[in-house]
$ cat structure36.txt   # compact mmCIF, C-alpha atoms
# COMPACT_ATOMS: atom_id res chain seq x y z
CA MET Z 1 -38.97 9.86 -57.15
CA GLU Z 2 -39.83 6.62 -58.91
CA ARG Z 3 -43.10 5.39 -57.55
CA VAL Z 4 -44.59 1.96 -58.02
CA HIS Z 5 -47.69 3.03 -59.96
CA ASP Z 6 -45.69 4.90 -62.64
CA MET Z 7 -44.73 1.62 -64.31
CA GLY Z 8 -44.00 2.58 -67.93
CA GLY Z 9 -40.50 1.41 -68.83
CA GLN Z 10 -39.57 0.39 -65.28
CA ASP Z 11 -37.04 -2.41 -65.71
CA ARG Z 12 -37.87 -4.00 -62.38
CA PHE Z 13 -41.24 -5.07 -63.82
CA SER Z 14 -39.84 -6.41 -67.08
CA GLY Z 15 -40.62 -10.05 -66.32
CA PRO Z 16 -42.67 -12.46 -68.39
CA LEU Z 17 -46.25 -11.59 -69.31
CA PRO Z 18 -49.11 -13.53 -67.77
CA PRO Z 19 -51.22 -15.77 -69.99
CA ILE Z 20 -54.34 -14.32 -71.62
CA ASP Z 21 -57.57 -16.05 -70.65
CA ARG Z 22 -60.10 -14.91 -73.22
CA ASP Z 23 -62.97 -15.97 -70.97
CA GLU Z 24 -61.67 -14.30 -67.82
CA PRO Z 25 -64.64 -13.24 -65.68
CA ALA Z 26 -65.06 -9.68 -64.38
CA PHE Z 27 -64.50 -10.91 -60.83
CA HIS Z 28 -62.55 -14.02 -59.85
CA GLU Z 29 -64.07 -14.22 -56.39
CA PRO Z 30 -67.18 -12.67 -54.87
CA TRP Z 31 -65.15 -10.33 -52.66
CA GLU Z 32 -63.64 -8.66 -55.73
CA GLY Z 33 -67.08 -7.62 -56.93
CA LYS Z 34 -67.86 -6.32 -53.47
CA ALA Z 35 -64.58 -4.38 -53.34
CA PHE Z 36 -65.32 -2.88 -56.76
CA ALA Z 37 -68.80 -1.71 -55.76
CA LEU Z 38 -67.68 -0.48 -52.34
CA ALA Z 39 -64.84 1.52 -53.86
CA LEU Z 40 -67.19 3.31 -56.27
CA LEU Z 41 -69.61 4.00 -53.44
CA ALA Z 42 -66.91 5.01 -50.96
CA ASN Z 43 -65.70 7.58 -53.44
CA ARG Z 44 -69.21 9.04 -53.48
CA VAL Z 45 -69.78 8.78 -49.71
CA ALA Z 46 -66.41 10.45 -49.02
CA GLY Z 47 -67.23 13.37 -51.34
CA ALA Z 48 -64.17 12.50 -53.42
CA ASN Z 49 -63.69 12.22 -57.18
CA LEU Z 50 -62.03 9.99 -59.75
CA HIS Z 51 -58.69 11.76 -59.39
CA ALA Z 52 -58.69 11.60 -55.61
CA PHE Z 53 -59.49 7.91 -55.95
CA ARG Z 54 -56.51 7.34 -58.25
CA HIS Z 55 -54.32 9.37 -55.93
CA ALA Z 56 -55.46 7.24 -52.99
CA ILE Z 57 -54.48 4.12 -54.94
CA GLU Z 58 -51.06 5.67 -55.48
CA ARG Z 59 -50.75 6.17 -51.69
CA VAL Z 60 -51.27 2.47 -51.01
CA PRO Z 61 -47.94 1.08 -49.73
CA GLU Z 62 -46.00 -0.74 -52.45
CA PRO Z 63 -46.39 -4.32 -51.18
CA ASP Z 64 -50.16 -3.86 -50.94
CA TYR Z 65 -50.29 -2.04 -54.28
CA LEU Z 66 -48.62 -5.04 -55.89
CA SER Z 67 -50.76 -7.59 -54.08
CA GLY Z 68 -53.60 -7.12 -56.56
CA TYR Z 69 -55.97 -4.77 -58.34
CA TYR Z 70 -59.02 -5.09 -56.09
CA GLU Z 71 -56.78 -5.25 -53.03
CA ARG Z 72 -55.59 -1.76 -53.90
CA TRP Z 73 -59.11 -0.59 -54.73
CA LEU Z 74 -60.23 -1.69 -51.31
CA ALA Z 75 -57.28 0.04 -49.65
CA SER Z 76 -58.03 3.19 -51.65
CA ALA Z 77 -61.67 3.15 -50.52
CA GLU Z 78 -60.54 2.97 -46.90
CA ILE Z 79 -58.06 5.81 -47.36
CA LEU Z 80 -60.77 8.10 -48.81
CA LEU Z 81 -63.19 7.22 -46.00
CA LEU Z 82 -60.50 7.88 -43.38
CA ASP Z 83 -59.51 11.16 -45.03
CA SER Z 84 -63.09 12.42 -44.97
CA GLY Z 85 -63.81 11.30 -41.42
CA ILE Z 86 -66.48 8.79 -42.44
CA VAL Z 87 -64.61 5.86 -40.89
CA ALA Z 88 -62.35 6.04 -37.85
CA PRO Z 89 -58.74 4.81 -37.94
CA GLY Z 90 -58.73 1.14 -37.01
CA ALA Z 91 -62.48 0.74 -37.53
CA VAL Z 92 -62.23 -1.65 -40.46
CA GLU Z 93 -59.69 -3.87 -38.68
CA ALA Z 94 -61.78 -3.90 -35.54
CA ARG Z 95 -64.93 -4.81 -37.45
CA ALA Z 96 -63.09 -7.54 -39.34
CA ARG Z 97 -61.81 -9.08 -36.10
CA LYS Z 98 -65.25 -8.89 -34.62
CA LEU Z 99 -66.71 -10.61 -37.66
CA ARG Z 100 -64.30 -13.47 -37.20
CA GLY Z 101 -65.26 -13.87 -33.60
CA GLU Z 102 -62.67 -11.87 -31.67
CA ASP Z 103 -63.72 -9.77 -28.73
CA VAL Z 104 -62.59 -6.27 -29.72
CA GLU Z 105 -63.67 -2.77 -28.89
CA GLU Z 106 -64.66 -0.76 -31.95
CA PRO Z 107 -63.95 2.96 -32.33
CA GLY Z 108 -66.98 5.22 -32.66
CA ALA Z 109 -67.87 7.03 -35.86
CA PRO Z 110 -65.79 10.23 -36.18
CA GLU Z 111 -67.00 13.68 -37.19
CA PRO Z 112 -67.13 13.76 -41.02
CA HIS Z 113 -65.17 16.48 -42.77
CA LYS Z 114 -65.79 15.93 -46.44
CA PRO Z 115 -63.75 17.89 -48.96
CA GLU Z 116 -65.48 20.72 -50.75
CA MET Z 117 -64.59 21.58 -54.29
CA PRO Z 118 -66.88 23.38 -56.75
CA SER Z 119 -67.72 21.10 -59.67
CA GLY Z 120 -68.26 22.21 -63.23
CA GLY Z 121 -70.67 19.34 -63.82
CA PRO Z 122 -70.71 15.57 -64.05
CA GLY Z 123 -67.81 13.68 -65.54
CA ASN Z 124 -64.52 15.25 -66.56
CA LEU Z 125 -65.11 16.93 -69.92
CA ARG Z 126 -65.41 20.72 -69.69
CA GLN Z 127 -65.80 23.75 -71.95
CA VAL Z 128 -63.02 26.31 -71.58
CA ASP Z 129 -62.96 29.83 -72.97
CA ALA Z 130 -59.28 29.93 -73.82
CA SER Z 131 -58.19 28.72 -77.24
CA PRO Z 132 -55.84 25.76 -77.36
CA SER Z 133 -52.21 26.85 -77.12
CA PHE Z 134 -51.06 24.15 -79.52
CA ALA Z 135 -52.27 22.84 -82.86
CA VAL Z 136 -51.88 19.58 -84.74
CA GLY Z 137 -48.35 19.37 -86.10
CA ASP Z 138 -46.77 21.52 -83.37
CA ARG Z 139 -43.59 20.25 -81.76
CA VAL Z 140 -43.98 20.25 -77.99
CA THR Z 141 -41.73 19.32 -75.10
CA THR Z 142 -42.99 17.92 -71.81
CA ARG Z 143 -41.94 19.57 -68.61
CA THR Z 144 -39.49 17.89 -66.31
CA GLU Z 145 -40.81 19.44 -63.12
CA ILE Z 146 -44.51 20.13 -63.10
CA ASP Z 147 -45.68 23.44 -61.73
CA THR Z 148 -48.17 21.81 -59.41
CA PRO Z 149 -48.69 21.83 -55.69
CA THR Z 150 -49.41 18.13 -55.56
CA ASP Z 151 -47.88 14.71 -56.02
CA HIS Z 152 -50.54 13.37 -58.39
CA THR Z 153 -49.92 13.84 -62.07
CA ARG Z 154 -50.86 12.14 -65.33
CA LEU Z 155 -47.56 12.89 -67.02
CA PRO Z 156 -45.79 9.53 -66.96
CA GLY Z 157 -42.22 9.57 -65.65
CA TYR Z 158 -40.82 8.03 -68.83
CA ALA Z 159 -42.23 10.92 -70.92
CA ARG Z 160 -40.77 13.87 -68.98
CA GLY Z 161 -38.52 16.29 -70.80
CA ARG Z 162 -39.28 14.63 -74.14
CA THR Z 163 -40.20 16.20 -77.46
CA GLY Z 164 -43.05 14.98 -79.63
CA THR Z 165 -45.65 16.11 -82.15
CA VAL Z 166 -49.26 17.05 -81.46
CA THR Z 167 -51.48 14.67 -83.45
CA ALA Z 168 -54.91 15.65 -82.07
CA VAL Z 169 -56.55 18.25 -79.85
CA ARG Z 170 -58.90 16.50 -77.41
CA PRO Z 171 -61.81 18.02 -75.46
CA ALA Z 172 -60.83 20.09 -72.44
CA MET Z 173 -60.85 18.13 -69.20
CA VAL Z 174 -60.59 18.55 -65.44
CA TRP Z 175 -56.91 18.73 -64.44
CA PRO Z 176 -56.13 15.70 -62.26
CA ASP Z 177 -53.14 17.33 -60.54
CA THR Z 178 -55.34 19.75 -58.58
CA ALA Z 179 -58.71 17.94 -58.63
CA SER Z 180 -57.11 14.95 -56.89
CA HIS Z 181 -56.36 17.21 -53.91
CA PHE Z 182 -59.67 19.15 -54.08
CA LEU Z 183 -57.76 22.28 -55.12
CA GLY Z 184 -60.01 23.02 -58.08
CA GLU Z 185 -60.87 21.57 -61.46
CA ASN Z 186 -58.64 23.88 -63.52
CA PRO Z 187 -60.01 22.43 -66.76
CA GLN Z 188 -57.68 22.69 -69.72
CA HIS Z 189 -57.05 21.45 -73.22
CA VAL Z 190 -55.63 18.00 -73.75
CA TYR Z 191 -53.42 17.00 -76.67
CA ASP Z 192 -52.53 13.67 -78.14
CA VAL Z 193 -48.76 13.82 -78.49
CA ALA Z 194 -46.76 11.27 -80.49
CA PHE Z 195 -43.23 10.41 -79.38
CA SER Z 196 -40.76 8.25 -81.25
CA SER Z 197 -39.42 5.30 -79.31
CA GLU Z 198 -35.88 6.62 -79.82
CA GLU Z 199 -36.86 9.92 -78.19
CA LEU Z 200 -38.24 8.05 -75.19
CA TRP Z 201 -35.76 5.21 -74.85
CA GLY Z 202 -32.68 6.22 -76.81
CA ALA Z 203 -30.91 5.01 -79.92
CA GLY Z 204 -31.48 1.35 -80.68
CA ALA Z 205 -35.00 1.32 -79.24
CA GLU Z 206 -37.51 -0.97 -80.87
CA PRO Z 207 -39.11 1.10 -83.66
CA ALA Z 208 -42.54 2.34 -82.55
CA THR Z 209 -44.54 5.45 -81.78
CA VAL Z 210 -45.97 6.05 -78.32
CA THR Z 211 -48.85 8.51 -78.14
CA ILE Z 212 -49.89 10.01 -74.84
CA ASP Z 213 -52.83 12.32 -74.07
CA LEU Z 214 -51.31 15.21 -72.15
CA TYR Z 215 -52.82 18.17 -70.32
CA GLU Z 216 -51.77 21.63 -71.52
CA ASN Z 217 -49.92 22.41 -68.27
CA TYR Z 218 -47.53 19.55 -69.01
CA LEU Z 219 -46.39 21.00 -72.32
CA GLU Z 220 -44.20 23.76 -73.71
CA LYS Z 221 -43.70 24.71 -77.32
CA THR Z 222 -40.37 23.33 -78.49
CA SER Z 223 -37.98 26.18 -79.14
CA MET F 1 -53.96 13.26 -44.67
CA THR F 2 -54.28 9.79 -43.32
CA ASP F 3 -51.08 7.92 -42.61
CA VAL F 4 -51.50 5.07 -45.06
CA ALA F 5 -48.99 2.90 -43.23
CA ASP F 6 -51.69 2.33 -40.62
CA THR F 7 -54.45 1.49 -43.02
CA VAL F 8 -53.48 -1.92 -44.33
CA GLU F 9 -53.46 -4.88 -41.98
CA PRO F 10 -51.95 -7.92 -43.65
CA ALA F 11 -53.40 -10.33 -41.11
CA ILE F 12 -56.88 -9.69 -42.51
CA ASP F 13 -57.58 -11.21 -45.90
CA PRO F 14 -59.25 -8.99 -48.49
CA ALA F 15 -62.56 -10.87 -48.45
CA LEU F 16 -62.95 -10.24 -44.72
CA ARG F 17 -61.77 -6.67 -45.16
CA ALA F 18 -64.41 -6.02 -47.81
CA GLU F 19 -67.06 -7.56 -45.59
CA ALA F 20 -65.99 -5.40 -42.65
CA LEU F 21 -66.05 -2.21 -44.69
CA GLU F 22 -69.45 -3.12 -46.12
CA SER F 23 -70.78 -3.80 -42.65
CA LEU F 24 -69.60 -0.43 -41.33
CA LEU F 25 -71.19 1.49 -44.20
CA LEU F 26 -74.41 -0.54 -44.25
CA GLU F 27 -75.20 -0.06 -40.57
CA ARG F 28 -74.98 3.71 -40.97
CA GLY F 29 -77.13 3.70 -44.08
CA LEU F 30 -74.31 5.12 -46.22
CA VAL F 31 -74.63 2.32 -48.76
CA ASP F 32 -77.32 -0.26 -49.40
CA THR F 33 -77.15 -3.88 -50.46
CA LYS F 34 -79.30 -3.40 -53.52
CA THR F 35 -76.94 -0.78 -55.00
CA ILE F 36 -73.88 -2.90 -54.28
CA GLU F 37 -75.44 -5.95 -55.90
CA GLY F 38 -76.61 -3.81 -58.82
CA PHE F 39 -73.06 -2.62 -59.58
CA ILE F 40 -71.71 -6.18 -59.40
CA HIS F 41 -74.49 -7.58 -61.56
CA THR F 42 -74.10 -4.86 -64.19
CA TYR F 43 -70.40 -5.50 -64.70
CA GLU F 44 -70.81 -9.29 -64.58
CA THR F 45 -73.59 -9.44 -67.15
CA ALA F 46 -74.34 -6.24 -69.09
CA VAL F 47 -71.06 -4.39 -69.51
CA GLY F 48 -68.23 -6.38 -71.04
CA PRO F 49 -66.31 -7.19 -74.23
CA MET F 50 -69.47 -8.48 -75.91
CA ASN F 51 -70.43 -4.81 -76.29
CA GLY F 52 -67.21 -3.92 -78.06
CA ALA F 53 -67.56 -7.02 -80.23
CA LYS F 54 -70.91 -5.69 -81.48
CA VAL F 55 -69.31 -2.36 -82.34
CA VAL F 56 -66.52 -4.08 -84.27
CA ALA F 57 -68.80 -6.48 -86.15
CA LYS F 58 -71.06 -3.60 -87.17
CA ALA F 59 -68.06 -1.58 -88.38
CA TRP F 60 -66.89 -4.57 -90.45
CA THR F 61 -70.25 -4.96 -92.16
CA ASP F 62 -71.49 -1.37 -92.42
CA PRO F 63 -68.99 1.01 -94.10
CA GLU F 64 -70.94 4.11 -93.13
CA TYR F 65 -70.98 3.05 -89.49
CA ARG F 66 -67.24 2.35 -89.68
CA GLN F 67 -66.68 5.89 -90.92
CA ARG F 68 -68.80 7.40 -88.14
CA LEU F 69 -66.97 5.25 -85.61
CA LEU F 70 -63.55 6.46 -86.72
CA THR F 71 -64.71 10.09 -86.89
CA ASP F 72 -66.60 10.30 -83.59
CA GLY F 73 -66.16 7.15 -81.54
CA THR F 74 -68.22 8.33 -78.58
CA ALA F 75 -71.31 9.08 -80.68
CA ALA F 76 -71.07 5.98 -82.87
CA ILE F 77 -70.65 3.71 -79.85
CA ALA F 78 -73.61 5.42 -78.15
CA GLU F 79 -75.74 4.56 -81.21
CA LEU F 80 -75.55 0.96 -80.00
CA GLY F 81 -76.47 2.05 -76.47
CA PHE F 82 -73.00 1.85 -74.95
CA LYS F 83 -71.92 4.78 -72.80
CA GLY F 84 -71.16 5.60 -69.20
CA PRO F 85 -68.25 5.80 -66.77
CA GLN F 86 -64.80 5.40 -68.33
CA GLY F 87 -66.22 6.06 -71.78
CA GLU F 88 -66.75 9.82 -71.73
CA HIS F 89 -64.61 10.44 -74.79
CA MET F 90 -63.97 7.39 -76.96
CA VAL F 91 -61.41 7.30 -79.74
CA VAL F 92 -61.41 4.32 -82.12
CA VAL F 93 -58.16 3.44 -83.86
CA GLU F 94 -58.11 1.05 -86.80
CA ASN F 95 -55.61 -1.73 -87.30
CA THR F 96 -54.62 -2.40 -90.90
CA PRO F 97 -51.91 -4.50 -92.57
CA SER F 98 -49.57 -1.49 -92.29
CA VAL F 99 -50.52 0.08 -88.91
CA HIS F 100 -50.95 -1.75 -85.61
CA HIS F 101 -52.38 0.01 -82.55
CA VAL F 102 -52.11 -1.29 -78.99
CA VAL F 103 -53.46 0.33 -75.82
CA VAL F 104 -52.15 0.48 -72.25
CA CYS F 105 -52.45 2.58 -69.12
CA THR F 106 -49.01 2.77 -67.53
CA LEU F 107 -50.15 4.91 -64.55
CA CYS F 108 -53.10 2.79 -63.40
CA SER F 109 -55.37 0.58 -65.50
CA CYS F 110 -57.68 2.97 -67.39
CA TYR F 111 -59.86 0.92 -69.71
CA PRO F 112 -62.97 1.67 -71.82
CA TRP F 113 -65.60 0.14 -69.53
CA PRO F 114 -68.73 0.69 -71.67
CA VAL F 115 -67.32 -1.38 -74.54
CA LEU F 116 -64.90 -3.77 -72.84
CA GLY F 117 -66.09 -4.00 -69.23
CA LEU F 118 -63.57 -4.17 -66.40
CA PRO F 119 -59.93 -4.78 -67.29
CA PRO F 120 -58.59 -8.35 -67.34
CA SER F 121 -55.61 -9.48 -65.25
CA TRP F 122 -53.08 -9.29 -68.05
CA TYR F 123 -53.93 -5.63 -68.80
CA LYS F 124 -53.36 -4.72 -65.15
CA ASP F 125 -50.16 -6.75 -64.87
CA PRO F 126 -46.99 -4.75 -64.04
CA ALA F 127 -45.09 -6.53 -66.84
CA TYR F 128 -47.60 -5.37 -69.46
CA ARG F 129 -47.76 -1.82 -68.10
CA ALA F 130 -43.96 -1.55 -67.88
CA ARG F 131 -43.00 -3.24 -71.13
CA VAL F 132 -45.51 -2.43 -73.86
CA VAL F 133 -44.47 1.25 -74.14
CA LYS F 134 -40.82 0.21 -74.48
CA GLU F 135 -40.91 -3.01 -76.47
CA PRO F 136 -44.36 -3.44 -78.00
CA ARG F 137 -43.24 -5.89 -80.67
CA ALA F 138 -41.61 -8.14 -78.12
CA VAL F 139 -44.75 -8.02 -75.95
CA LEU F 140 -47.02 -8.88 -78.86
CA ALA F 141 -44.68 -11.65 -80.01
CA GLU F 142 -44.70 -13.16 -76.53
CA TRP F 143 -48.47 -13.42 -76.87
CA GLY F 144 -48.17 -14.95 -80.34
CA THR F 145 -48.61 -11.89 -82.54
CA GLU F 146 -45.65 -11.37 -84.88
CA LEU F 147 -45.60 -8.02 -86.70
CA GLY F 148 -43.52 -7.53 -89.82
CA PRO F 149 -40.65 -4.99 -89.74
CA ASP F 150 -42.55 -2.61 -92.05
CA VAL F 151 -45.60 -2.37 -89.76
CA ASP F 152 -46.02 1.00 -88.05
CA VAL F 153 -46.55 0.18 -84.36
CA GLN F 154 -48.56 2.77 -82.40
CA VAL F 155 -48.84 2.43 -78.62
CA HIS F 156 -51.47 4.53 -76.85
CA ASP F 157 -50.88 5.28 -73.18
CA SER F 158 -54.31 6.16 -71.70
CA SER F 159 -53.13 8.99 -69.48
CA SER F 160 -56.13 11.35 -69.73
CA GLU F 161 -59.88 10.65 -69.78
CA VAL F 162 -59.71 9.66 -73.46
CA ARG F 163 -60.42 5.95 -73.83
CA TYR F 164 -59.34 3.88 -76.82
CA LEU F 165 -60.98 1.02 -78.66
CA VAL F 166 -58.98 -0.81 -81.31
CA LEU F 167 -60.91 -1.76 -84.43
CA PRO F 168 -59.11 -4.97 -85.36
CA GLU F 169 -58.65 -6.26 -88.89
CA ARG F 170 -61.41 -8.50 -90.18
CA PRO F 171 -59.71 -11.84 -90.78
CA PRO F 172 -59.66 -13.32 -94.28
CA GLY F 173 -62.09 -16.17 -94.84
CA THR F 174 -64.97 -14.48 -93.00
CA GLU F 175 -66.55 -12.84 -96.04
CA GLY F 176 -69.62 -15.07 -95.89
CA MET F 177 -70.29 -14.51 -92.19
CA THR F 178 -73.15 -12.38 -90.89
CA GLU F 179 -72.72 -9.52 -88.42
CA GLU F 180 -74.09 -11.73 -85.64
CA GLU F 181 -71.64 -14.51 -86.47
CA LEU F 182 -68.73 -12.08 -86.58
CA VAL F 183 -69.52 -10.83 -83.06
CA GLY F 184 -68.49 -14.23 -81.73
CA LEU F 185 -64.99 -13.95 -83.21
CA VAL F 186 -64.06 -10.66 -81.54
CA THR F 187 -62.32 -11.03 -78.18
CA ARG F 188 -61.20 -8.31 -75.77
CA ASP F 189 -57.48 -8.89 -76.45
CA THR F 190 -58.06 -7.99 -80.11
CA MET F 191 -59.87 -4.77 -79.13
CA VAL F 192 -56.89 -3.72 -76.97
CA GLY F 193 -54.60 -4.63 -79.86
CA VAL F 194 -52.46 -7.34 -78.31
CA ARG F 195 -53.74 -10.04 -80.68
CA LYS F 196 -55.41 -10.32 -84.08
CA VAL F 197 -58.87 -11.75 -84.67
CA GLN F 198 -58.74 -15.35 -85.89
CA ALA F 199 -61.12 -16.82 -88.47
CA PRO F 200 -63.03 -19.83 -87.13
$ encode --input "structure36.txt" --output "structure tokens"
Amino acid sequence: MERVHDMGGQDRFSGPLPPIDRDEPAFHEPWEGKAFALALLANRVAGANLHAFRHAIERVPEPDYLSGYYERWLASAEILLLDSGIVAPGAVEARARKLRGEDVEEPGAPEPHKPEMPSGGPGNLRQVDASPSFAVGDRVTTRTEIDTPTDHTRLPGYARGRTGTVTAVRPAMVWPDTASHFLGENPQHVYDVAFSSEELWGAGAEPATVTIDLYENYLEKTS
Amino acid sequence: MTDVADTVEPAIDPALRAEALESLLLERGLVDTKTIEGFIHTYETAVGPMNGAKVVAKAWTDPEYRQRLLTDGTAAIAELGFKGPQGEHMVVVENTPSVHHVVVCTLCSCYPWPVLGLPPSWYKDPAYRARVVKEPRAVLAEWGTELGPDVDVQVHDSSSEVRYLVLPERPPGTEGMTEEELVGLVTRDTMVGVRKVQAP
């Protein structure tokens, strides 16, 4: 399924680029700063993690996803707070209407049910006992269907079933596919894999190399 | 899981929505105003492309630092005091007359916060995310950067927790400039690799 967030190579977004404003501020309006801070804090309050946050952004309906970056951050914050029972369904709307002067009844605070997942420490870098399965110079092929119970993955759609060359072995990291759903960190090695543009886009592609950092579970040794 | 179709109410603008969410969390003591303002202030004033510009200017003027930066980006960047979220493992890639690196995150908008701050609009734009992995030369040309046919173009899609900083080429004509003066030439677009640094 082609989903809005997995944008690499999607022709429907191949319009003109926006201008670059070298002096663009971090936040264009005060609410964007507030949305940014609230999203980081909501993630914490909801007992979530970076991967669950990204997954929540991916669950934002397409029109809202495309409405703007901090719009989707705000929507993601609400999703995580709803999921964990911190905020009741409809509570944000009700409070917003109340703030603008409408007479509305607000739902009470629900019973929180935060996710519980053992953490191997702060951040996402981890030590793993297993040796890396691949080395620099190895030819590897990305899987087409990921052996994962979830719908969050960091293998871009445009790079599935493609063959490339390992150019670096990165530190082991928490696996987003399961951590996003609180199913465990499953830390594993990560490899920088270089793909030719022809491998990704076919003959006649603009000459270039695309390198992608890929988790071990996404890769198989090319036979 | 929550049915997301019920969570977004278009009749409420995002500013009011943010205020409502803040109000709900504040009254239950789950967040506090000082922390919220602290996050905003940090990313408006202390964490931004001026940090990356210092890293680049130092690398241009101190060959040993440049070598450390290319060998272990995370440690060399931390020497200047820059570390934190979205900078856990930094890799620095160097642009030269024969190799040109450019960075994107096609799946969201991953960006090296400690050195570049929060991502600008153009980096988050669907057109950039969709196109640069497929037609990087055309993207760069549209923003005024023409690369010769013999240049090796390397696009980095930030799909894991590795974050990239591009070390741009020092422009000719800047040989007499000090490190402090060079800092002022380095803009965030050049550290993502979509443009080259211009001499003053």
$ interface_residues --input "structure36.txt" --of "chain Z" --to "chain F" --cutoff "6 Å" --atoms "all atoms listed in the file" --output "PDB file with C-alpha atoms, keeping the file's coordinate frame"
ATOM      1  CA  HIS Z   5     -47.690   3.030 -59.960  1.00  0.00           C
ATOM      2  CA  ASP Z   6     -45.690   4.900 -62.640  1.00  0.00           C
ATOM      3  CA  MET Z   7     -44.730   1.620 -64.310  1.00  0.00           C
ATOM      4  CA  GLY Z   8     -44.000   2.580 -67.930  1.00  0.00           C
ATOM      5  CA  GLY Z   9     -40.500   1.410 -68.830  1.00  0.00           C
ATOM      6  CA  GLN Z  10     -39.570   0.390 -65.280  1.00  0.00           C
ATOM      7  CA  PHE Z  13     -41.240  -5.070 -63.820  1.00  0.00           C
ATOM      8  CA  SER Z  14     -39.840  -6.410 -67.080  1.00  0.00           C
ATOM      9  CA  GLY Z  15     -40.620 -10.050 -66.320  1.00  0.00           C
ATOM     10  CA  LEU Z  17     -46.250 -11.590 -69.310  1.00  0.00           C
ATOM     11  CA  PRO Z  18     -49.110 -13.530 -67.770  1.00  0.00           C
ATOM     12  CA  ALA Z  26     -65.060  -9.680 -64.380  1.00  0.00           C
ATOM     13  CA  TRP Z  31     -65.150 -10.330 -52.660  1.00  0.00           C
ATOM     14  CA  GLY Z  33     -67.080  -7.620 -56.930  1.00  0.00           C
ATOM     15  CA  ALA Z  35     -64.580  -4.380 -53.340  1.00  0.00           C
ATOM     16  CA  ALA Z  37     -68.800  -1.710 -55.760  1.00  0.00           C
ATOM     17  CA  ASP Z  83     -59.510  11.160 -45.030  1.00  0.00           C
ATOM     18  CA  VAL Z  92     -62.230  -1.650 -40.460  1.00  0.00           C
ATOM     19  CA  ARG Z  95     -64.930  -4.810 -37.450  1.00  0.00           C
ATOM     20  CA  ALA Z  96     -63.090  -7.540 -39.340  1.00  0.00           C
ATOM     21  CA  ARG Z 154     -50.860  12.140 -65.330  1.00  0.00           C
ATOM     22  CA  GLU Z 206     -37.510  -0.970 -80.870  1.00  0.00           C
ATOM     23  CA  ALA Z 208     -42.540   2.340 -82.550  1.00  0.00           C
ATOM     24  CA  THR Z 209     -44.540   5.450 -81.780  1.00  0.00           C
ATOM     25  CA  VAL Z 210     -45.970   6.050 -78.320  1.00  0.00           C
ATOM     26  CA  THR Z 211     -48.850   8.510 -78.140  1.00  0.00           C
ATOM     27  CA  ILE Z 212     -49.890  10.010 -74.840  1.00  0.00           C
ATOM     28  CA  ASP Z 213     -52.830  12.320 -74.070  1.00  0.00           C
TER      29      ASP Z 213
END
$ residues_around --input "structure36.txt" --residues "region 97-109 of chain Z" --least-positions-apart "5" --cutoff "7 Å" --atoms "all atoms listed in the file" --output "list in words"
Ile86, Val87, Ala88 and Ala91 of chain Z
$ atom_distance --input "structure36.txt" --atom1 "CA of Gly161 (chain Z)" --atom2 "CA of Ser196 (chain Z)"
13.4 Å
$ closest_residue --input "structure36.txt" --among "Z:Gly137, Z:Gly164, Z:Pro132, Z:Gly47" --to "Asn217 (chain Z)" --atoms "all atoms listed in the file"
Z:Pro132
$ closest_residue --input "structure36.txt" --among "Z:Arg139, Z:His181, Z:Arg126, Z:Lys114" --to "Ala42 (chain Z)" --atoms "all atoms listed in the file"
Z:Lys114
$ atom_distance --input "structure36.txt" --atom1 "CA of Phe182 (chain Z)" --atom2 "CA of Thr150 (chain Z)"
10.4 Å
$ atom_distance --input "structure36.txt" --atom1 "CA of Ile57 (chain Z)" --atom2 "CA of Ala75 (chain Z)"
7.2 Å
$ build_atoms --input "structure36.txt" --residues "region 32-40 of chain F" --atoms "N, CA and C atoms" --output "JSON list (two decimals), in the frame of the given file"
[["chain", "number", "residue", "atom", "x", "y", "z"],
["F", 32, "ASP", "N", -76.29, 0.76, -49.59],
["F", 32, "ASP", "CA", -77.32, -0.26, -49.40],
["F", 32, "ASP", "C", -77.02, -1.48, -50.27],
["F", 33, "THR", "N", -77.47, -2.61, -49.81],
["F", 33, "THR", "CA", -77.15, -3.88, -50.46],
["F", 33, "THR", "C", -77.61, -3.92, -51.91],
["F", 34, "LYS", "N", -78.76, -3.34, -52.16],
["F", 34, "LYS", "CA", -79.30, -3.40, -53.52],
["F", 34, "LYS", "C", -78.38, -2.67, -54.52],
["F", 35, "THR", "N", -77.85, -1.53, -54.11],
["F", 35, "THR", "CA", -76.94, -0.78, -55.00],
["F", 35, "THR", "C", -75.65, -1.56, -55.23],
["F", 36, "ILE", "N", -75.12, -2.12, -54.15],
["F", 36, "ILE", "CA", -73.88, -2.90, -54.28],
["F", 36, "ILE", "C", -74.09, -4.06, -55.24],
["F", 37, "GLU", "N", -75.17, -4.79, -55.03],
["F", 37, "GLU", "CA", -75.44, -5.95, -55.90],
["F", 37, "GLU", "C", -75.71, -5.50, -57.33],
["F", 38, "GLY", "N", -76.33, -4.34, -57.47],
["F", 38, "GLY", "CA", -76.61, -3.81, -58.82],
["F", 38, "GLY", "C", -75.33, -3.53, -59.59],
["F", 39, "PHE", "N", -74.35, -2.90, -58.93],
["F", 39, "PHE", "CA", -73.06, -2.62, -59.58],
["F", 39, "PHE", "C", -72.41, -3.93, -60.02],
["F", 40, "ILE", "N", -72.38, -4.90, -59.10],
["F", 40, "ILE", "CA", -71.71, -6.18, -59.40],
["F", 40, "ILE", "C", -72.40, -6.86, -60.58]]
